[in-house]
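Undergrad: Input: one structure, supplied below.
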Amino acid sequence: MSGRKRNTVTKRNVENLIDDKAKTKKQKHSTCVVSSSVFYLGAGLSVVISLALFIYLMHREENEFETLVPAASKVKRSFYKVPCSNDYKLEKFEACKPKTCGRVVMDDLIDEDDALHLLSVAKKGLALGGSSGGASILDLHSGALSKDNAFINIYNVIKSEDIDLLSLQDFSIYRKVKNQIHYAIARQFNIPQDKLYLTKPTFFSRMNMKEPSTIHDEYWHAHVDKETYGSFHYTSLLYLSTYEQDFTGGRFIFIDKNSNKTVEPRLGRVSFFTSGSENLHRVERLKDGVRYAITVSFTCDPSQAIQDPSYK
């Protein structure tokens with residue numbers, strides 16, 4: 001530690017110790033005691049330093065954020081560039097895979113009325129199910145809907161219970177919004193749009209204050225989308241609720257080497273980014289309220305493409 005004063009032993013000190021023969025035994029004993037004391041003091045100091053470092057890192061994790069875009073500010077387009085990882089080097093798909101990597105936030109891409117309509121779709125769909133923990137999903141492509149600790153098929157429920165739940169307009173607005181995000185990603189990263197494909201999982205999510213009942217409810221762990229899902233090259237989120245208005249906590253956190261950078265959700269806000277390890281991230285654990293969003297995922301691999309959902 002640069003601020004601590006160091007003890008020095010001079011030639012004079014050594015000579016005095018050698019000349020003082022009458023105290024040799026005492027000095028040997030004292031040296032052993034001092035050496036032992038220094039050893040345990042050093043060990044204790046190491047523990048204290050390690051504990052302090054741990055507390056500092058935890059404090060930074062929870063409290064020291066660089067906010068890329070706050071919920072209170074509306075931005076047309078904000079781009080934060082990051083160096084690409086090596087995750088894409090051995091892949092083909094040259095026309096599509098990222099050459100430039102980064103994070104983009106857009107508040108004017110999606111009409112607020114369309115975002116509100118999709119929020120209503122999420123609410124009425126999830127009303128038929130819901131996880132026993134704090135994280136639930138609704139996938140209109142596969143029909144998967146969280147129900148307790150498993151999944152059910154929402155289309156089977158609608159059919160068996162003869163419920164008039166989802167409309168042609170619901171699917172039309174869903175496709176419209178997906179196409180707008182598709183176009184924005186292709187344009188931002190200079191990709192031919194016909195080389196970029198919708199992929200799975202693409203889904204609505206709801207987070208609330210229920211305690212987790214399975215590991216899948218623990219949405220707050222850091223991960224890389226390309227590793228977690230395999231097919232992802234570009235990830236996008238459309239937020240359907242607003243930070244500090246509908247919920248607290250729940251911010252989206254990019255975990256970088258020197259700091260954590262966050263996007264605060266806002267109704268109608270689209271955030272998208274390259275899916276490799278250059279964008280390690282997590283969602284902050286919710287502190288209050290309910291958070292809704294849609295994850296819309298894209299791949300360069302045509303074999304991993306999925307079709308738009310349709311009215312059934």
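A note on labels: chains of the structure tokens are A, B, ... as shown, every chain counts residues from 1, and ligands are counted from 1 in their shown order.
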Give me the residues within 7 Å of A:Cys101 as a PDB file with N, CA and C atoms, in the first residue's frame, counting only C-alpha atoms and dropping any in the same chain fewer than 6 places off.
TA:
```
ATOM      1  N   LYS A  81     -20.870   2.027 -28.798  1.00  0.00           N
ATOM      2  CA  LYS A  81     -20.047   1.029 -29.494  1.00  0.00           C
ATOM      3  C   LYS A  81     -19.155   0.280 -28.522  1.00  0.00           C
ATOM      4  N   VAL A  82     -19.023  -1.041 -28.725  1.00  0.00           N
ATOM      5  CA  VAL A  82     -18.097  -1.860 -27.946  1.00  0.00           C
ATOM      6  C   VAL A  82     -17.294  -2.740 -28.903  1.00  0.00           C
ATOM      7  N   PRO A  83     -16.072  -3.116 -28.539  1.00  0.00           N
ATOM      8  CA  PRO A  83     -15.290  -4.007 -29.405  1.00  0.00           C
ATOM      9  C   PRO A  83     -15.967  -5.368 -29.523  1.00  0.00           C
ATOM     10  N   CYS A  84     -16.006  -5.906 -30.724  1.00  0.00           N
ATOM     11  CA  CYS A  84     -16.608  -7.228 -30.923  1.00  0.00           C
ATOM     12  C   CYS A  84     -15.753  -8.305 -30.257  1.00  0.00           C
ATOM     13  N   THR A 274     -25.695  -6.520 -30.116  1.00  0.00           N
ATOM     14  CA  THR A 274     -25.102  -7.764 -30.607  1.00  0.00           C
ATOM     15  C   THR A 274     -25.058  -8.774 -29.466  1.00  0.00           C
TER      16      THR A 274
END
```
Undergrad: Excluding A:His221 and its own-chain neighbours fewer than 4 positions away, which residues fall within 10 Å of it when counting only C-alpha atoms? Please give them as an NGL selection string.
TA: :A and (215 or 281-285)
Undergrad: Please, what distance in Å, to one decimal, runs between atom CA of A:Gly125 and atom CA of A:Ile181?
TA: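 Separating atom CA of A:Gly125 from atom CA of A:Ile181 is a distance of 22.3 Å.
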Undergrad: Run DSSP on the backbone and give me the residues of stretch 124-270 of chain A it puts in alpha helix (DSSP H), as a PyMOL selection string.
TA: chain A and resi 124-126+154-160+168-188+225-229
Undergrad: What would the file look like if the residues just selected were written as a short mmCIF file (atom, residue, chain, number, x, y, z; two decimals), in the first residue's frame with C-alpha atoms?
TA:
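So the final result, stored in again_16.cif, reads:
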```cif
data_model
loop_
_atom_site.label_atom_id
_atom_site.label_comp_id
_atom_site.auth_asym_id
_atom_site.auth_seq_id
_atom_site.Cartn_x
_atom_site.Cartn_y
_atom_site.Cartn_z
CA LYS A 124 -54.59 -10.99 -21.04
CA GLY A 125 -52.38 -13.87 -22.19
CA LEU A 126 -50.51 -14.17 -18.91
CA ILE A 154 -52.13 -21.04 -24.64
CA TYR A 155 -53.80 -22.05 -27.92
CA ASN A 156 -54.95 -25.33 -26.38
CA VAL A 157 -56.37 -23.45 -23.39
CA ILE A 158 -58.19 -20.97 -25.63
CA LYS A 159 -59.66 -23.81 -27.69
CA SER A 160 -60.62 -26.09 -24.83
CA LEU A 168 -56.37 -10.62 -35.71
CA GLN A 169 -55.39 -7.10 -34.67
CA ASP A 170 -53.19 -8.48 -31.87
CA PHE A 171 -51.15 -10.50 -34.37
CA SER A 172 -51.10 -7.68 -36.92
CA ILE A 173 -49.61 -5.19 -34.44
CA TYR A 174 -47.17 -7.83 -33.20
CA ARG A 175 -45.88 -8.37 -36.77
CA LYS A 176 -45.75 -4.64 -37.46
CA VAL A 177 -43.60 -4.00 -34.37
CA LYS A 178 -41.34 -6.98 -35.12
CA ASN A 179 -40.79 -5.70 -38.67
CA GLN A 180 -39.90 -2.22 -37.41
CA ILE A 181 -37.29 -3.68 -35.05
CA HIS A 182 -35.98 -6.00 -37.79
CA TYR A 183 -35.48 -3.04 -40.11
CA ALA A 184 -33.79 -0.91 -37.41
CA ILE A 185 -31.26 -3.65 -36.54
CA ALA A 186 -30.43 -4.34 -40.20
CA ARG A 187 -29.91 -0.64 -40.86
CA GLN A 188 -27.85 0.04 -37.73
CA ASP A 225 -27.32 -14.54 -25.16
CA LYS A 226 -25.23 -16.25 -27.83
CA GLU A 227 -24.08 -18.83 -25.28
CA THR A 228 -27.48 -19.22 -23.61
CA TYR A 229 -29.57 -19.57 -26.75
#
```
Undergrad: With distances taken over only C-alpha atoms, which of A:Gly230, A:Gly249, A:Pro212, A:Pro309 is nearest to A:Ser136?
TA: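 Of A:Gly230, A:Gly249, A:Pro212, A:Pro309, the one nearest A:Ser136, counting only C-alpha atoms, is A:Pro212.
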Undergrad: Using only C-alpha atoms for the distances, tell me which of A:Ser120, A:Thr262, A:Asn279, A:Ser231 is nearest to A:Leu166.
TA: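 Smallest separation from A:Leu166 among the options: A:Ser120.
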Undergrad: May I ask which of the residues A:Ala150, A:Leu145, A:Leu280, A:Leu237 is the closest one to A:Asp107, counting only C-alpha atoms?
TA: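 Ranked by minimum distance to A:Asp107, first place goes to A:Leu237.
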Undergrad: Between stretch 204-281 of chain A and stretch 68-80 of chain A, at 8 Å or less, what are the per-residue closest atom pairs and their distances in Å? Count only C-alpha atoms, order by chain and rising residue number, and return it as JSON lines.
TA:
```
{"residue": "A:Thr242", "atom": "CA", "partner": "A:Ala71", "partner_atom": "CA", "distance": 6.9}
{"residue": "A:Tyr243", "atom": "CA", "partner": "A:Ala71", "partner_atom": "CA", "distance": 6.2}
{"residue": "A:Lys261", "atom": "CA", "partner": "A:Leu68", "partner_atom": "CA", "distance": 6.2}
{"residue": "A:Thr262", "atom": "CA", "partner": "A:Leu68", "partner_atom": "CA", "distance": 5.7}
{"residue": "A:Val263", "atom": "CA", "partner": "A:Val69", "partner_atom": "CA", "distance": 5.4}
{"residue": "A:Glu264", "atom": "CA", "partner": "A:Ala71", "partner_atom": "CA", "distance": 5.1}
{"residue": "A:Pro265", "atom": "CA", "partner": "A:Ala71", "partner_atom": "CA", "distance": 6.0}
{"residue": "A:Arg266", "atom": "CA", "partner": "A:Ala71", "partner_atom": "CA", "distance": 5.3}
```
Undergrad: Do a neighbour search on stretch 202-211 of chain A at 6 Å with only C-alpha atoms, toss out local chain neighbours closer than 3 positions, and write the hits as a ChimeraX atom specification.
TA: /A:133-139,290-297
Undergrad: Keeping only N, CA, C and O atoms, write the selected residues to a file as a tab-separated table (two decimals), in the first residue's frame.
TA:
```tsv
chain	number	residue	atom	x	y	z
A	133	GLY	N	-43.18	-18.64	-9.51
A	133	GLY	CA	-42.11	-17.73	-9.10
A	133	GLY	C	-42.32	-16.35	-9.70
A	133	GLY	O	-43.42	-16.01	-10.13
A	134	GLY	N	-41.26	-15.56	-9.77
A	134	GLY	CA	-41.41	-14.16	-10.17
A	134	GLY	C	-41.24	-13.86	-11.64
A	134	GLY	O	-41.33	-12.70	-12.05
A	135	ALA	N	-40.99	-14.87	-12.49
A	135	ALA	CA	-40.75	-14.62	-13.91
A	135	ALA	C	-41.66	-15.52	-14.75
A	135	ALA	O	-41.64	-16.74	-14.60
A	136	SER	N	-42.46	-14.89	-15.63
A	136	SER	CA	-43.37	-15.63	-16.50
A	136	SER	C	-43.15	-15.22	-17.94
A	136	SER	O	-42.77	-14.08	-18.22
A	137	ILE	N	-43.43	-16.16	-18.88
A	137	ILE	CA	-43.30	-15.84	-20.30
A	137	ILE	C	-44.55	-16.28	-21.06
A	137	ILE	O	-45.27	-17.18	-20.64
A	138	LEU	N	-44.74	-15.60	-22.20
A	138	LEU	CA	-45.77	-15.97	-23.17
A	138	LEU	C	-45.12	-15.91	-24.54
A	138	LEU	O	-44.65	-14.85	-24.95
A	139	ASP	N	-45.10	-17.03	-25.23
A	139	ASP	CA	-44.50	-17.14	-26.56
A	139	ASP	C	-45.61	-17.40	-27.57
A	139	ASP	O	-46.16	-18.50	-27.63
A	290	VAL	N	-44.44	-4.41	-11.20
A	290	VAL	CA	-44.48	-5.43	-12.25
A	290	VAL	C	-43.83	-4.86	-13.51
A	290	VAL	O	-44.12	-3.72	-13.90
A	291	ARG	N	-42.98	-5.65	-14.13
A	291	ARG	CA	-42.22	-5.23	-15.31
A	291	ARG	C	-42.62	-6.11	-16.50
A	291	ARG	O	-42.55	-7.33	-16.43
A	292	TYR	N	-43.01	-5.47	-17.61
A	292	TYR	CA	-43.37	-6.19	-18.84
A	292	TYR	C	-42.42	-5.79	-19.97
A	292	TYR	O	-42.01	-4.62	-20.07
A	293	ALA	N	-42.10	-6.76	-20.82
A	293	ALA	CA	-41.25	-6.50	-21.98
A	293	ALA	C	-41.49	-7.59	-23.02
A	293	ALA	O	-42.14	-8.60	-22.75
A	294	ILE	N	-40.97	-7.36	-24.23
A	294	ILE	CA	-40.92	-8.40	-25.26
A	294	ILE	C	-39.47	-8.55	-25.69
A	294	ILE	O	-38.80	-7.55	-25.99
A	295	THR	N	-38.98	-9.77	-25.70
A	295	THR	CA	-37.68	-10.09	-26.28
A	295	THR	C	-37.91	-10.55	-27.72
A	295	THR	O	-38.67	-11.49	-27.95
A	296	VAL	N	-37.26	-9.86	-28.67
A	296	VAL	CA	-37.38	-10.21	-30.08
A	296	VAL	C	-35.97	-10.52	-30.58
A	296	VAL	O	-35.10	-9.65	-30.54
A	297	SER	N	-35.77	-11.74	-31.03
A	297	SER	CA	-34.42	-12.25	-31.28
A	297	SER	C	-34.19	-12.51	-32.77
A	297	SER	O	-35.10	-12.98	-33.46
```
Undergrad: I need the residue nearest A:Lys195 from this list: A:Glu66, A:Glu112, A:Asp308, A:Glu94. Use only C-alpha atoms for the distance.
TA: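 The closest residue to A:Lys195 is A:Glu94.
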Undergrad: So which residues touch A:Asp87 within 9 Å, counting only C-alpha atoms, skipping near sequence neighbours fewer than 6 positions away, as a ChimeraX atom specification?
TA: /A:226,276-278
Undergrad: Could you write those residues out with C-alpha atoms, as a PDB file, in the first residue's frame?
TA:
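Saved to result_4.pdb:
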```
ATOM      1  CA  LYS A 226     -25.227 -16.250 -27.829  1.00  0.00           C
ATOM      2  CA  GLY A 276     -21.979 -12.138 -28.161  1.00  0.00           C
ATOM      3  CA  SER A 277     -19.847 -11.982 -25.035  1.00  0.00           C
ATOM      4  CA  GLU A 278     -19.038  -8.333 -25.714  1.00  0.00           C
TER       5      GLU A 278
END
```
Undergrad: Hey, what's within 7 Å of A:His233 if we count only C-alpha atoms and toss same-chain stuff fewer than 3 positions away? As a PyMOL selection string, please?
TA: chain A and resi 97+226+274-275+298-300
Undergrad: Please compute the atom CA of A:Thr67-atom CA of A:His117 distance, one decimal, in Å.
TA: 28.0 Å
